[in-house]
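Asks: Quick one: structure below, then a few questions.
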Amino acid sequence: MGKTPLLEIVTGNRTEFVDITSQVQQKLDEMDLKSGLLCIYCPHTTGAVTINEGADPAVRRDIVKVLNTIIPWNFDYKHMEGNSPAHIKASIVGESVIVIVEDGRLCLGTWQRIFFCEFDGPRRRKLWLKPVRA
Amino acid sequence: MGKTPLLEIVTGNRTEFVDITSQVQQKLDEMDLKSGLLCIYCPHTTGAVTINEGADPAVRRDIVKVLNTIIPWNFDYKHMEGNSPAHIKASIVGESVIVIVEDGRLCLGTWQRIFFCEFDGPRRRKLWLKPVRA
Amino acid sequence: MGKTPLLEIVTGNRTEFVDITSQVQQKLDEMDLKSGLLCIYCPHTTGAVTINEGADPAVRRDIVKVLNTIIPWNFDYKHMEGNSPAHIKASIVGESVIVIVEDGRLCLGTWQRIFFCEFDGPRRRKLWLKPVRA
């Protein structure tokens, strides 16, 4: 994985959305990608990546609250580590996002920000970033 | 975003799946992509893109109905705009899809169609399309 | 679709996660991709692809169990084939994943494996694999 740039994140809660947009743009600045796609990939099975509204923190809070309601912490789980809900959320939200890049900039909608989704924190996490040219 | 082709959609309902397959293929025809991947990206935070069955409209209707049941309109939401359920659906369904392109054609399964998912309409929406070569 | 490599899978249950990681790596070995992205795409509308923990089979079992609980088999469905829950799961989990490739190897996290998600089996299924160069 020597060629794939890393992003390091420290989370502070069990379930949490961390805005990583600026860090991703910073890493993109170090790459030689003018136009193409950037894959932001989570190699952990109890975390995910998503894109959503960043202006009002209540949006993140509401997403987390509903996910915790839909996917119960108490259920007839067989996985003994007690973090099955985190694995389920990871598959529902998804382990990666693809962002369009033009002129070396992430192309995001007006209200969009990129979030690392912590579902079994607090932990130290790594994300992988991989650019492909158009 | 001058280089990234736009697709414009007008939705007519609060929650709705709009079949955009023909429009996407039309835009692809104008691109110089023979073989590669096409990213279909939604820059809105209360919409999404998905691929599912297009033959029977009841499938779309059932997906919308269950999403509206799982993610309640009435809940202890803090986001004051009243559209938190739309943001949650956006992160669950996902803001983009990747489609394989061969010989300048979208490669879809027999029953697959590409849908823009409106979760907070009716509105005017834009999608971004970005091709990368194999 | 002549140029896009196929992966064939036979599923044995109505709902099931099948570990396809080794088969995907085998197909990747036959491609000329050193560094880039690999798209693993499901052309079926009642199946999906996901990445999650592979070490403990209980994780897969728990994901399947919760998905079957959240998305009920009995509901006011209009689609007459009786497999609406499978279509809904397909859009929630997603029809494809993107994996980073370095030195001709799939880059996965320590515990990550790639799964085909059968939501309306048992059936014979095909997946499409498409590489793009970095």
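To be explicit about the labels: the chains of the structure tokens are called A, B, and onward in the order shown, and within each one the residues are counted from 1, while ligands get numbers from 1 in the order they are shown.
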Any chance you could list, as a CSV table (one decimal) with N, CA and C atoms, in the first residue's frame, the residues in chain A that come up alpha helix (DSSP H) when DSSP is run on the backbone?

Replies:
```
chain,number,residue,atom,x,y,z
A,21,THR,N,-13.3,16.6,4.8
A,21,THR,CA,-13.2,17.2,3.5
A,21,THR,C,-11.9,18.0,3.3
A,22,SER,N,-11.5,18.8,4.3
A,22,SER,CA,-10.3,19.6,4.1
A,22,SER,C,-9.1,18.7,4.1
A,23,GLN,N,-9.1,17.7,4.9
A,23,GLN,CA,-7.9,16.8,4.9
A,23,GLN,C,-7.8,16.1,3.5
A,24,VAL,N,-9.0,15.7,3.0
A,24,VAL,CA,-8.9,15.0,1.7
A,24,VAL,C,-8.4,15.9,0.6
A,25,GLN,N,-8.9,17.2,0.6
A,25,GLN,CA,-8.4,18.2,-0.4
A,25,GLN,C,-6.9,18.4,-0.3
A,26,GLN,N,-6.5,18.5,1.0
A,26,GLN,CA,-5.0,18.7,1.3
A,26,GLN,C,-4.2,17.5,0.6
A,27,LYS,N,-4.6,16.3,0.8
A,27,LYS,CA,-3.9,15.1,0.2
A,27,LYS,C,-4.0,15.2,-1.3
A,28,LEU,N,-5.2,15.6,-1.8
A,28,LEU,CA,-5.4,15.7,-3.3
A,28,LEU,C,-4.4,16.7,-3.8
A,29,ASP,N,-4.1,17.8,-3.1
A,29,ASP,CA,-3.2,18.9,-3.5
A,29,ASP,C,-1.8,18.3,-3.8
A,57,PRO,N,-24.7,20.8,12.0
A,57,PRO,CA,-24.3,19.6,12.7
A,57,PRO,C,-25.5,18.7,13.1
A,58,ALA,N,-26.7,19.3,13.2
A,58,ALA,CA,-27.9,18.5,13.6
A,58,ALA,C,-28.2,17.4,12.5
A,59,VAL,N,-27.8,17.7,11.3
A,59,VAL,CA,-28.0,16.6,10.3
A,59,VAL,C,-27.3,15.4,10.6
A,60,ARG,N,-26.0,15.5,10.9
A,60,ARG,CA,-25.2,14.3,11.3
A,60,ARG,C,-25.8,13.6,12.5
A,61,ARG,N,-26.1,14.4,13.4
A,61,ARG,CA,-26.7,13.9,14.7
A,61,ARG,C,-28.0,13.1,14.4
A,62,ASP,N,-28.8,13.7,13.5
A,62,ASP,CA,-30.1,13.0,13.2
A,62,ASP,C,-29.8,11.7,12.4
A,63,ILE,N,-28.8,11.7,11.5
A,63,ILE,CA,-28.5,10.4,10.8
A,63,ILE,C,-28.0,9.3,11.8
A,64,VAL,N,-27.1,9.7,12.7
A,64,VAL,CA,-26.6,8.8,13.7
A,64,VAL,C,-27.7,8.3,14.5
A,65,LYS,N,-28.6,9.1,15.0
A,65,LYS,CA,-29.7,8.8,15.9
A,65,LYS,C,-30.6,7.7,15.2
A,66,VAL,N,-31.0,8.0,14.0
A,66,VAL,CA,-31.9,7.1,13.3
A,66,VAL,C,-31.2,5.7,13.0
A,67,LEU,N,-29.9,5.8,12.6
A,67,LEU,CA,-29.2,4.5,12.3
A,67,LEU,C,-29.2,3.7,13.6
A,68,ASN,N,-28.9,4.4,14.7
A,68,ASN,CA,-28.9,3.6,16.0
A,68,ASN,C,-30.3,3.1,16.4
A,69,THR,N,-31.3,3.7,15.9
A,69,THR,CA,-32.7,3.2,16.2
A,69,THR,C,-33.0,2.1,15.3
A,70,ILE,N,-32.7,2.2,14.0
A,70,ILE,CA,-33.0,1.1,13.0
A,70,ILE,C,-32.3,-0.1,13.3
A,84,SER,N,-21.7,-6.1,16.2
A,84,SER,CA,-22.5,-6.4,15.0
A,84,SER,C,-23.2,-5.2,14.4
A,85,PRO,N,-23.9,-4.4,15.2
A,85,PRO,CA,-24.5,-3.2,14.7
A,85,PRO,C,-23.6,-2.3,13.9
A,86,ALA,N,-22.3,-2.2,14.3
A,86,ALA,CA,-21.3,-1.4,13.5
A,86,ALA,C,-21.0,-2.1,12.2
A,87,HIS,N,-20.9,-3.4,12.1
A,87,HIS,CA,-20.7,-4.1,10.8
A,87,HIS,C,-21.9,-3.9,9.9
A,88,ILE,N,-23.1,-3.9,10.4
A,88,ILE,CA,-24.3,-3.8,9.6
A,88,ILE,C,-24.4,-2.3,9.0
A,89,LYS,N,-24.1,-1.4,9.9
A,89,LYS,CA,-24.1,0.0,9.4
A,89,LYS,C,-23.1,0.2,8.3
A,90,ALA,N,-21.9,-0.4,8.5
A,90,ALA,CA,-20.8,-0.3,7.5
A,90,ALA,C,-21.3,-0.7,6.1
A,91,SER,N,-22.0,-1.9,6.1
A,91,SER,CA,-22.5,-2.4,4.8
A,91,SER,C,-23.7,-1.5,4.2
A,92,ILE,N,-24.4,-0.9,5.1
A,92,ILE,CA,-25.6,-0.1,4.6
A,92,ILE,C,-25.1,1.3,4.1
A,93,VAL,N,-24.1,1.9,4.8
A,93,VAL,CA,-23.6,3.2,4.4
A,93,VAL,C,-22.6,3.1,3.3
```

Asks: Chain B residues within 10 Å of chain A, counting only C-alpha atoms: which ones, as a tab-separated table (two decimals) with all heavy atoms, in the first residue's frame?

Replies:
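What landed in part.tsv:
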```
chain	number	residue	atom	x	y	z
B	1	MET	N	-16.61	23.36	-12.69
B	1	MET	CA	-17.32	22.15	-13.14
B	1	MET	C	-17.62	22.21	-14.64
B	1	MET	O	-18.46	21.48	-15.13
B	1	MET	CB	-18.65	22.01	-12.39
B	1	MET	CG	-18.47	21.70	-10.92
B	1	MET	SD	-17.70	20.11	-10.69
B	1	MET	CE	-18.76	19.08	-11.70
B	2	GLY	N	-16.93	23.12	-15.35
B	2	GLY	CA	-17.22	23.32	-16.76
B	2	GLY	C	-17.05	22.05	-17.59
B	2	GLY	O	-17.74	21.85	-18.57
B	3	LYS	N	-16.13	21.18	-17.18
B	3	LYS	CA	-15.83	20.00	-18.00
B	3	LYS	C	-16.74	18.82	-17.71
B	3	LYS	O	-16.76	17.84	-18.44
B	3	LYS	CB	-14.39	19.57	-17.76
B	3	LYS	CG	-13.35	20.58	-18.24
B	3	LYS	CD	-11.97	20.13	-17.79
B	3	LYS	CE	-11.05	21.30	-17.58
B	3	LYS	NZ	-9.96	20.97	-16.66
B	4	THR	N	-17.46	18.86	-16.59
B	4	THR	CA	-18.28	17.72	-16.20
B	4	THR	C	-19.70	17.89	-16.73
B	4	THR	O	-20.39	18.81	-16.33
B	4	THR	CB	-18.28	17.59	-14.66
B	4	THR	OG1	-16.94	17.40	-14.22
B	4	THR	CG2	-19.14	16.43	-14.21
B	33	LEU	N	-15.90	8.20	-24.78
B	33	LEU	CA	-15.56	7.07	-23.90
B	33	LEU	C	-16.00	5.77	-24.55
B	33	LEU	O	-17.20	5.51	-24.68
B	33	LEU	CB	-16.23	7.21	-22.53
B	33	LEU	CG	-15.88	6.09	-21.54
B	33	LEU	CD1	-14.42	6.17	-21.11
B	33	LEU	CD2	-16.78	6.12	-20.31
B	36	GLY	N	-14.63	1.96	-20.18
B	36	GLY	CA	-14.22	2.52	-18.91
B	36	GLY	C	-15.34	2.52	-17.90
B	36	GLY	O	-16.20	1.62	-17.92
B	37	LEU	N	-15.33	3.50	-17.02
B	37	LEU	CA	-16.38	3.64	-16.01
B	37	LEU	C	-17.01	5.02	-16.13
B	37	LEU	O	-16.32	6.00	-16.43
B	37	LEU	CB	-15.80	3.46	-14.60
B	37	LEU	CG	-15.18	2.12	-14.24
B	37	LEU	CD1	-14.60	2.17	-12.82
B	37	LEU	CD2	-16.19	0.98	-14.34
B	38	LEU	N	-18.30	5.08	-15.88
B	38	LEU	CA	-18.99	6.37	-15.83
B	38	LEU	C	-19.53	6.57	-14.41
B	38	LEU	O	-20.27	5.73	-13.89
B	38	LEU	CB	-20.15	6.41	-16.83
B	38	LEU	CG	-20.92	7.74	-16.86
B	38	LEU	CD1	-20.04	8.85	-17.45
B	38	LEU	CD2	-22.20	7.61	-17.68
B	39	CYS	N	-19.13	7.68	-13.79
B	39	CYS	CA	-19.64	8.02	-12.47
B	39	CYS	C	-20.84	8.96	-12.62
B	39	CYS	O	-20.74	10.00	-13.27
B	39	CYS	CB	-18.53	8.71	-11.66
B	39	CYS	SG	-19.09	9.30	-10.05
B	40	ILE	N	-21.96	8.59	-12.04
B	40	ILE	CA	-23.17	9.41	-12.07
B	40	ILE	C	-23.36	9.92	-10.64
B	40	ILE	O	-23.64	9.14	-9.73
B	40	ILE	CB	-24.38	8.58	-12.54
B	40	ILE	CG1	-24.08	8.01	-13.94
B	40	ILE	CG2	-25.65	9.43	-12.55
B	40	ILE	CD1	-24.86	6.75	-14.25
B	41	TYR	N	-23.15	11.23	-10.47
B	41	TYR	CA	-22.99	11.80	-9.13
B	41	TYR	C	-24.05	12.85	-8.82
B	41	TYR	O	-24.28	13.77	-9.61
B	41	TYR	CB	-21.60	12.45	-9.06
B	41	TYR	CG	-21.25	13.01	-7.70
B	41	TYR	CD1	-20.59	12.22	-6.77
B	41	TYR	CD2	-21.60	14.31	-7.34
B	41	TYR	CE1	-20.27	12.73	-5.51
B	41	TYR	CE2	-21.29	14.81	-6.09
B	41	TYR	CZ	-20.62	14.02	-5.19
B	41	TYR	OH	-20.31	14.50	-3.95
B	42	CYS	N	-24.66	12.73	-7.65
B	42	CYS	CA	-25.69	13.67	-7.20
B	42	CYS	C	-25.08	14.68	-6.22
B	42	CYS	O	-24.66	14.31	-5.12
B	42	CYS	CB	-26.80	12.88	-6.51
B	42	CYS	SG	-27.99	13.94	-5.68
B	43	PRO	N	-25.02	15.96	-6.60
B	43	PRO	CA	-24.42	16.97	-5.71
B	43	PRO	C	-25.38	17.51	-4.66
B	43	PRO	O	-25.03	18.44	-3.95
B	43	PRO	CB	-24.00	18.07	-6.69
B	43	PRO	CG	-24.95	17.96	-7.83
B	43	PRO	CD	-25.39	16.52	-7.91
B	44	HIS	N	-26.58	16.93	-4.57
B	44	HIS	CA	-27.57	17.35	-3.59
B	44	HIS	C	-27.53	16.41	-2.37
B	44	HIS	O	-27.24	15.24	-2.52
B	44	HIS	CB	-28.96	17.32	-4.21
B	44	HIS	CG	-29.05	18.06	-5.50
B	44	HIS	ND1	-29.08	19.43	-5.56
B	44	HIS	CD2	-29.08	17.63	-6.78
B	44	HIS	CE1	-29.14	19.81	-6.82
B	44	HIS	NE2	-29.14	18.73	-7.59
B	45	THR	N	-27.87	16.93	-1.20
B	45	THR	CA	-27.78	16.12	0.02
B	45	THR	C	-29.13	15.53	0.43
B	45	THR	O	-29.23	14.87	1.47
B	45	THR	CB	-27.19	16.94	1.18
B	45	THR	OG1	-28.00	18.11	1.35
B	45	THR	CG2	-25.76	17.35	0.90
B	46	THR	N	-30.16	15.76	-0.38
B	46	THR	CA	-31.47	15.14	-0.11
B	46	THR	C	-31.96	14.36	-1.33
B	46	THR	O	-33.16	14.18	-1.53
B	46	THR	CB	-32.51	16.20	0.31
B	46	THR	OG1	-32.56	17.23	-0.69
B	46	THR	CG2	-32.17	16.82	1.65
B	47	GLY	N	-31.00	13.92	-2.14
B	47	GLY	CA	-31.28	13.06	-3.28
B	47	GLY	C	-30.20	11.99	-3.35
B	47	GLY	O	-29.22	12.04	-2.61
B	70	ILE	N	-39.26	2.75	7.18
B	70	ILE	CA	-38.07	2.53	8.02
B	70	ILE	C	-37.59	3.85	8.61
B	70	ILE	O	-37.23	3.93	9.78
B	70	ILE	CB	-36.92	1.93	7.18
B	70	ILE	CG1	-37.27	0.53	6.67
B	70	ILE	CG2	-35.64	1.88	7.99
B	70	ILE	CD1	-36.23	-0.01	5.70
B	71	ILE	N	-37.54	4.89	7.78
B	71	ILE	CA	-37.02	6.18	8.22
B	71	ILE	C	-38.20	7.13	8.42
B	71	ILE	O	-38.70	7.73	7.48
B	71	ILE	CB	-36.02	6.74	7.19
B	71	ILE	CG1	-34.83	5.79	7.12
B	71	ILE	CG2	-35.55	8.15	7.55
B	71	ILE	CD1	-34.39	5.45	5.75
B	72	PRO	N	-38.65	7.24	9.64
B	72	PRO	CA	-39.90	7.94	9.94
B	72	PRO	C	-39.82	9.45	9.67
B	72	PRO	O	-38.78	10.06	9.86
B	72	PRO	CB	-40.11	7.67	11.43
B	72	PRO	CG	-38.75	7.39	11.97
B	72	PRO	CD	-37.96	6.76	10.86
B	75	PHE	N	-40.01	12.03	14.25
B	75	PHE	CA	-38.98	11.46	15.10
B	75	PHE	C	-38.39	12.65	15.87
B	75	PHE	O	-38.68	13.80	15.58
B	75	PHE	CB	-37.92	10.80	14.20
B	75	PHE	CG	-36.84	10.04	14.92
B	75	PHE	CD1	-37.09	8.77	15.43
B	75	PHE	CD2	-35.57	10.58	15.06
B	75	PHE	CE1	-36.09	8.05	16.07
B	75	PHE	CE2	-34.56	9.87	15.71
B	75	PHE	CZ	-34.83	8.60	16.21
B	76	ASP	N	-37.54	12.36	16.82
B	76	ASP	CA	-36.90	13.40	17.62
B	76	ASP	C	-35.77	14.08	16.82
B	76	ASP	O	-34.59	14.00	17.20
B	76	ASP	CB	-36.38	12.74	18.92
B	76	ASP	CG	-35.49	13.65	19.74
B	76	ASP	OD1	-35.73	14.87	19.73
B	76	ASP	OD2	-34.54	13.14	20.36
B	77	TYR	N	-36.12	14.72	15.69
B	77	TYR	CA	-35.10	15.35	14.85
B	77	TYR	C	-34.72	16.73	15.39
B	77	TYR	O	-35.57	17.47	15.89
B	77	TYR	CB	-35.62	15.51	13.41
B	77	TYR	CG	-35.83	14.20	12.69
B	77	TYR	CD1	-37.09	13.83	12.20
B	77	TYR	CD2	-34.77	13.32	12.48
B	77	TYR	CE1	-37.29	12.63	11.53
B	77	TYR	CE2	-34.96	12.11	11.80
B	77	TYR	CZ	-36.22	11.78	11.33
B	77	TYR	OH	-36.41	10.59	10.68
B	78	LYS	N	-33.44	17.08	15.25
B	78	LYS	CA	-32.96	18.39	15.69
B	78	LYS	C	-32.79	19.37	14.51
B	78	LYS	O	-32.84	20.58	14.69
B	78	LYS	CB	-31.61	18.27	16.43
B	78	LYS	CG	-31.65	17.44	17.71
B	78	LYS	CD	-32.47	18.11	18.81
B	78	LYS	CE	-32.44	17.29	20.11
B	78	LYS	NZ	-33.75	17.31	20.79
B	79	HIS	N	-32.53	18.83	13.31
B	79	HIS	CA	-32.36	19.67	12.11
B	79	HIS	C	-33.69	20.35	11.82
B	79	HIS	O	-34.71	19.69	11.62
B	79	HIS	CB	-31.91	18.78	10.94
B	79	HIS	CG	-31.68	19.52	9.66
B	79	HIS	ND1	-30.90	20.65	9.57
B	79	HIS	CD2	-32.10	19.26	8.39
B	79	HIS	CE1	-30.86	21.06	8.31
B	79	HIS	NE2	-31.58	20.24	7.57
B	80	MET	N	-33.68	21.70	11.80
B	80	MET	CA	-34.93	22.45	11.82
B	80	MET	C	-35.65	22.54	10.47
B	80	MET	O	-36.78	22.99	10.39
B	80	MET	CB	-34.67	23.87	12.35
B	80	MET	CG	-34.15	23.92	13.77
B	80	MET	SD	-35.22	23.01	14.94
B	80	MET	CE	-36.62	24.14	15.03
B	81	GLU	N	-34.97	22.12	9.39
B	81	GLU	CA	-35.62	22.25	8.08
B	81	GLU	C	-36.69	21.19	7.82
B	81	GLU	O	-37.39	21.26	6.81
B	81	GLU	CB	-34.58	22.19	6.97
B	81	GLU	CG	-33.67	23.40	6.92
B	81	GLU	CD	-32.63	23.27	5.81
B	81	GLU	OE1	-32.97	22.83	4.71
B	81	GLU	OE2	-31.46	23.58	6.09
B	83	ASN	N	-36.34	18.14	6.96
B	83	ASN	CA	-36.05	17.14	5.93
B	83	ASN	C	-34.94	16.16	6.32
B	83	ASN	O	-34.28	15.59	5.44
B	83	ASN	CB	-35.73	17.83	4.59
B	83	ASN	CG	-34.52	18.75	4.71
B	83	ASN	OD1	-33.94	18.86	5.79
B	83	ASN	ND2	-34.16	19.39	3.62
B	84	SER	N	-34.77	15.94	7.61
B	84	SER	CA	-33.77	14.98	8.06
B	84	SER	C	-33.97	13.59	7.44
B	84	SER	O	-32.98	12.96	7.05
B	84	SER	CB	-33.75	14.88	9.59
B	84	SER	OG	-32.98	15.92	10.13
B	85	PRO	N	-35.21	13.10	7.32
B	85	PRO	CA	-35.38	11.78	6.69
B	85	PRO	C	-34.78	11.74	5.29
B	85	PRO	O	-34.24	10.69	4.89
B	85	PRO	CB	-36.91	11.62	6.63
B	85	PRO	CG	-37.44	12.49	7.72
B	85	PRO	CD	-36.49	13.65	7.81
B	86	ALA	N	-34.85	12.83	4.54
B	86	ALA	CA	-34.27	12.87	3.19
B	86	ALA	C	-32.75	12.75	3.25
B	86	ALA	O	-32.14	12.04	2.44
B	86	ALA	CB	-34.68	14.17	2.49
B	87	HIS	N	-32.12	13.42	4.21
B	87	HIS	CA	-30.66	13.31	4.36
B	87	HIS	C	-30.25	11.89	4.73
B	87	HIS	O	-29.24	11.38	4.25
B	87	HIS	CB	-30.17	14.27	5.46
B	87	HIS	CG	-30.22	15.72	5.08
B	87	HIS	ND1	-29.38	16.27	4.15
B	87	HIS	CD2	-31.03	16.73	5.49
B	87	HIS	CE1	-29.65	17.57	4.02
B	87	HIS	NE2	-30.65	17.87	4.82
B	88	ILE	N	-31.03	11.26	5.59
B	88	ILE	CA	-30.72	9.90	6.03
B	88	ILE	C	-30.82	8.93	4.85
B	88	ILE	O	-29.92	8.10	4.61
B	88	ILE	CB	-31.65	9.47	7.18
B	88	ILE	CG1	-31.43	10.40	8.39
B	88	ILE	CG2	-31.41	8.02	7.58
B	88	ILE	CD1	-32.56	10.38	9.40
B	89	LYS	N	-31.90	9.04	4.07
B	89	LYS	CA	-32.06	8.18	2.89
B	89	LYS	C	-30.91	8.39	1.91
B	89	LYS	O	-30.45	7.43	1.29
B	89	LYS	CB	-33.39	8.48	2.21
B	89	LYS	CG	-34.60	7.98	2.99
B	89	LYS	CD	-35.89	8.59	2.43
B	89	LYS	CE	-37.05	8.43	3.41
B	89	LYS	NZ	-38.17	9.33	3.09
B	90	ALA	N	-30.47	9.64	1.76
B	90	ALA	CA	-29.36	9.93	0.84
B	90	ALA	C	-28.11	9.14	1.23
B	90	ALA	O	-27.44	8.57	0.36
B	90	ALA	CB	-29.07	11.43	0.83
B	91	SER	N	-27.81	9.09	2.54
B	91	SER	CA	-26.61	8.36	2.97
B	91	SER	C	-26.79	6.85	2.90
B	91	SER	O	-25.82	6.10	2.74
B	91	SER	CB	-26.18	8.77	4.38
B	91	SER	OG	-25.34	9.91	4.32
B	92	ILE	N	-28.01	6.37	3.02
B	92	ILE	CA	-28.27	4.93	2.96
B	92	ILE	C	-28.24	4.44	1.51
B	92	ILE	O	-27.66	3.40	1.20
B	92	ILE	CB	-29.62	4.60	3.64
B	92	ILE	CG1	-29.45	4.70	5.17
B	92	ILE	CG2	-30.12	3.21	3.25
B	92	ILE	CD1	-30.73	4.47	5.95
B	93	VAL	N	-28.85	5.18	0.60
B	93	VAL	CA	-28.90	4.76	-0.81
B	93	VAL	C	-27.60	5.12	-1.53
B	93	VAL	O	-27.11	4.36	-2.37
B	93	VAL	CB	-30.13	5.35	-1.53
B	93	VAL	CG1	-30.11	5.04	-3.01
B	93	VAL	CG2	-31.42	4.83	-0.89
B	94	GLY	N	-27.03	6.27	-1.20
B	94	GLY	CA	-25.74	6.65	-1.77
B	94	GLY	C	-25.83	7.73	-2.83
B	94	GLY	O	-26.75	7.74	-3.65
B	95	GLU	N	-24.84	8.64	-2.84
B	95	GLU	CA	-24.88	9.83	-3.69
B	95	GLU	C	-24.42	9.56	-5.11
B	95	GLU	O	-24.53	10.44	-5.96
B	95	GLU	CB	-24.05	10.96	-3.07
B	95	GLU	CG	-22.55	10.77	-3.10
B	95	GLU	CD	-22.08	9.59	-2.27
B	95	GLU	OE1	-22.69	9.31	-1.22
B	95	GLU	OE2	-21.12	8.93	-2.68
B	96	SER	N	-23.91	8.35	-5.40
B	96	SER	CA	-23.46	8.09	-6.76
B	96	SER	C	-23.53	6.62	-7.12
B	96	SER	O	-23.62	5.76	-6.24
B	96	SER	CB	-22.02	8.60	-6.96
B	96	SER	OG	-21.10	7.74	-6.32
B	97	VAL	N	-23.51	6.33	-8.41
B	97	VAL	CA	-23.30	4.97	-8.90
B	97	VAL	C	-22.20	5.01	-9.96
B	97	VAL	O	-21.95	6.05	-10.58
B	97	VAL	CB	-24.57	4.32	-9.51
B	97	VAL	CG1	-25.65	4.15	-8.47
B	97	VAL	CG2	-25.08	5.09	-10.71
B	98	ILE	N	-21.57	3.85	-10.15
B	98	ILE	CA	-20.55	3.67	-11.17
B	98	ILE	C	-21.11	2.65	-12.16
B	98	ILE	O	-21.56	1.58	-11.73
B	98	ILE	CB	-19.26	3.12	-10.53
B	98	ILE	CG1	-18.63	4.15	-9.59
B	98	ILE	CG2	-18.28	2.65	-11.58
B	98	ILE	CD1	-17.89	5.26	-10.27
B	126	LYS	N	-29.77	18.63	-10.44
B	126	LYS	CA	-28.69	18.41	-11.42
B	126	LYS	C	-27.89	17.19	-11.02
B	126	LYS	O	-27.66	16.97	-9.82
B	126	LYS	CB	-27.77	19.62	-11.46
B	126	LYS	CG	-28.36	20.78	-12.24
B	126	LYS	CD	-27.54	22.03	-12.07
B	126	LYS	CE	-28.25	23.20	-12.78
B	126	LYS	NZ	-27.68	24.49	-12.40
B	127	LEU	N	-27.46	16.43	-11.99
B	127	LEU	CA	-26.52	15.33	-11.73
B	127	LEU	C	-25.26	15.60	-12.54
B	127	LEU	O	-25.33	16.20	-13.61
B	127	LEU	CB	-27.13	13.99	-12.15
B	127	LEU	CG	-28.36	13.53	-11.36
B	127	LEU	CD1	-28.82	12.16	-11.87
B	127	LEU	CD2	-28.06	13.44	-9.87
B	128	TRP	N	-24.13	15.16	-12.02
B	128	TRP	CA	-22.86	15.30	-12.75
B	128	TRP	C	-22.44	13.93	-13.27
B	128	TRP	O	-22.60	12.90	-12.58
B	128	TRP	CB	-21.77	15.84	-11.81
B	128	TRP	CG	-22.05	17.21	-11.27
B	128	TRP	CD1	-22.88	18.15	-11.80
B	128	TRP	CD2	-21.49	17.80	-10.07
B	128	TRP	NE1	-22.87	19.29	-11.02
B	128	TRP	CE2	-22.03	19.11	-9.97
B	128	TRP	CE3	-20.58	17.36	-9.10
B	128	TRP	CZ2	-21.69	19.96	-8.91
B	128	TRP	CZ3	-20.24	18.21	-8.06
B	128	TRP	CH2	-20.79	19.50	-7.97
B	129	LEU	N	-21.90	13.91	-14.48
B	129	LEU	CA	-21.45	12.67	-15.10
B	129	LEU	C	-19.96	12.78	-15.39
B	129	LEU	O	-19.52	13.75	-16.03
B	129	LEU	CB	-22.19	12.44	-16.43
B	129	LEU	CG	-23.72	12.46	-16.39
B	129	LEU	CD1	-24.28	12.19	-17.78
B	129	LEU	CD2	-24.25	11.43	-15.41
B	130	LYS	N	-19.20	11.82	-14.95
B	130	LYS	CA	-17.74	11.88	-15.17
B	130	LYS	C	-17.22	10.54	-15.69
B	130	LYS	O	-17.33	9.52	-15.00
B	130	LYS	CB	-17.04	12.22	-13.85
B	130	LYS	CG	-15.55	12.40	-13.98
B	130	LYS	CD	-15.17	13.68	-14.67
B	130	LYS	CE	-13.68	13.84	-14.86
B	130	LYS	NZ	-13.37	15.03	-15.66
B	131	PRO	N	-16.67	10.52	-16.89
B	131	PRO	CA	-16.12	9.29	-17.45
B	131	PRO	C	-14.63	9.13	-17.13
B	131	PRO	O	-13.90	10.12	-17.11
B	131	PRO	CB	-16.31	9.50	-18.96
B	131	PRO	CG	-16.24	10.99	-19.14
B	131	PRO	CD	-16.63	11.64	-17.84
B	132	VAL	N	-14.22	7.89	-16.86
B	132	VAL	CA	-12.78	7.59	-16.79
B	132	VAL	C	-12.50	6.40	-17.71
B	132	VAL	O	-13.25	5.43	-17.72
B	132	VAL	CB	-12.26	7.30	-15.36
B	132	VAL	CG1	-12.27	8.56	-14.51
B	132	VAL	CG2	-13.03	6.19	-14.67
B	133	ARG	N	-11.40	6.48	-18.42
B	133	ARG	CA	-11.03	5.46	-19.40
B	133	ARG	C	-10.42	4.23	-18.73
B	133	ARG	O	-9.74	4.35	-17.71
B	133	ARG	CB	-9.97	6.05	-20.35
B	133	ARG	CG	-10.50	6.42	-21.71
B	133	ARG	CD	-9.43	7.14	-22.51
B	133	ARG	NE	-9.46	8.57	-22.23
B	133	ARG	CZ	-10.29	9.43	-22.86
B	133	ARG	NH1	-11.12	8.99	-23.78
B	133	ARG	NH2	-10.29	10.70	-22.55
B	134	ALA	N	-10.66	3.06	-19.31
B	134	ALA	CA	-10.09	1.81	-18.77
B	134	ALA	C	-8.59	1.78	-19.04
B	134	ALA	O	-8.12	2.44	-19.97
B	134	ALA	CB	-10.76	0.61	-19.41
```

Asks: Can you tell me how far atom CA of Arg123 of chain B sits from atom CA of Ile20 of chain B, in Å to one decimal?

Replies: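 Between these atoms lies a distance of 15.5 Å.
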